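Trainee: Take this structure, written in structure tokens, and hold onto it; I'll ask about it next.
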Amino acid sequence: MDNNDYHSLATPVPMSSANNVESAIPTENDRHPSLTTIRPRRLRRTPGLRRMVRENHLTVDDLIYPMFVMEGENQKVEIASMPGCYRYSLDLLLIEIAECWNLGICAIALFPVISETQKDDTGTESYNPEGLVQQTVKAIKQNIPEIVVITDVALDPFTSHGHDGLVDESGKILNDPTVEVLVKMAVSQAAAGADMVAPSDMMDGRIGAIRKALDAAGYIDTAILAYSAKYASAYYGPFRDALDSAPKFGDKKTYQMDAANAKEALKEVALDIAEGADIVMVKPALAYLDIICQVREATNLPVAAYNVSGEYAMIKAAGKLGWIDENRIILETLTRIKRAGADLILTYFAKEVALMLK
Ligand code: PBG
């Protein structure tokens with residue numbers, strides 16, 4: 001075999017471009033097939049080896065626990081379509097949060113269950129300084145000051161029609177008048193002591209308006225977790241049961257995104273970043289892993305993903321039926337959301353996972 005023959009066999013991928021040092025370093029593609037077999041399984045052989053080469057790790061630090069608060073005392077009501085999730089009255093919520101904190105959960109996202117009598121067309125209760133959310137935030141901050149409290153900014157728990165914004169006679173969702181209410185709501189939550197406000201409403205321009213208002217009111221350290229790419233999704237069904245907040249007419253497709261779109265998600269993310277978001281979010285998570293991945297590529301800000309109620313309900317239902325190994329599915333699911341690029345995951349599994357990871 002002369003030198004030339006050998007060369008043509010040995011280098012299926014040319015190493016060439018001599019002045020480029022990196023391309024001169026042989027890769028596994030440059031190995032001669034007869035000299036070595038590439039055996040990826042070597043690094044999977046034992047648990048220790050697998051741990052060494054594991055690329056992503058799910059930790060309790062990644063988890064944000066969404067929790068539901070209701071009026072009253074000594075109340076703990078399970079949500080039918082979300083087994084294992086409860087609406088708590090404030091007294092019991094504080095006990096539950098303390099337990100979560102002791103398990104290592106460092107952040108909660110708070111959602112209120114508002115009685116029908118407190119709802120109106122414009123959601124005025126949302127910015128009541130003595131409202132349920134505001135009182136709850138104050139109480140949490142008195143009891144467990146270090147836990148990160150994230151409050152929801154959207155009108156749907158507070159409006160009689162169940163939409164996230166104000167509605168005109170024709171049923172149109174009004175953008176700018178809604179933003180004015182959201183701003184009041186966010187400022188009142190910051191005043192109560194929220195560490196982070198999380199607009200989940202999808203009105204245009206609300207991140208910038210909220211940032212401006214927070215700063216003007218002196219809440220320069222209150223962060224904004226923006227629901228940037230939030231899709232109009234059937235996966236929110238159980239959450240709307242939890243809050244009794246399903247829209248009374250129409251749907252949310254004129255403000256939440258079309259499930260078929262990806263480029264638009266990047267546009268929404270870019271806008272929210274330009275307007276001052278500290279963290280951007282993709283929601284839901286599982287059917288939108290491609291979006292999480294693209295958003296991860298597009299920004300250096302932390303990326304959050306919301307493992308929503310419908311995703312939770314599907315796993316719980318199949319687990320109850322004994323059709324899947326629930327605990328393994330939970331860990332696999334959350335790890336794959338991380339692998340897609342999420343730094344943070346809002347998930348109703350947070351407490352269970354904190355227990356599993358202990
Ligand atoms: C509403 C809101 C929704 C969720 C969080 N905030 C529902 C919706 O947009 O209708 C869904 C969360 C979940 O399904 O777990 N602003």
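Naming scheme: A, B, ... for chains in displayed order of the structure tokens; residues 1 onward per chain; ligands 1 onward as shown.
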Hey, which residues sit close to ligand 1? Say within 6 Å, counting only C-alpha atoms and all ligand atoms, and write them as a PyMOL selection string.
Mentor: chain A and resi 154+156+164+200-201+235-236+239+308-309
Trainee: Report as CSV the residues of stretch 182-282 of chain A within 9 Å of stretch 295-298 of chain A, each with its shortest atom pair and distance in Å (one decimal), using only C-alpha atoms, ordered by chain and increasing residue number.
Mentor:
residue,atom,partner,partner_atom,distance
A:Ala265,CA,A:Val295,CA,7.9
A:Leu266,CA,A:Val295,CA,6.5
A:Val269,CA,A:Val295,CA,7.4
A:Ala270,CA,A:Ala298,CA,8.4
A:Val280,CA,A:Val295,CA,8.6
A:Met281,CA,A:Val295,CA,8.8
A:Val282,CA,A:Val295,CA,8.2
Trainee: Determine which residues of stretch 110-183 of chain A DSSP labels as strand (DSSP E or B) from the backbone of this structure, then write them out as a ChimeraX atom specification.
Mentor: /A:110-113,120,148-153,159,166-167,173-174
Trainee: Which neighbours of A:Val187 fall inside 9 Å, counting only C-alpha atoms, when residues of the same chain fewer than 5 positions from it are skipped, and could you give them as a list in words?
Mentor: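 That gives Tyr127, Leu182, Ala192, Val197, Ile210, Ala213, Leu214, Ala217 and Tyr219 of chain A.
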Trainee: Could you tell me, as a PyMOL selection string, which residues of stretch 156-249 of chain A DSSP assigns to alpha helix (DSSP H) when given the backbone?
Mentor: chain A and resi 175-192+206-216+237-243
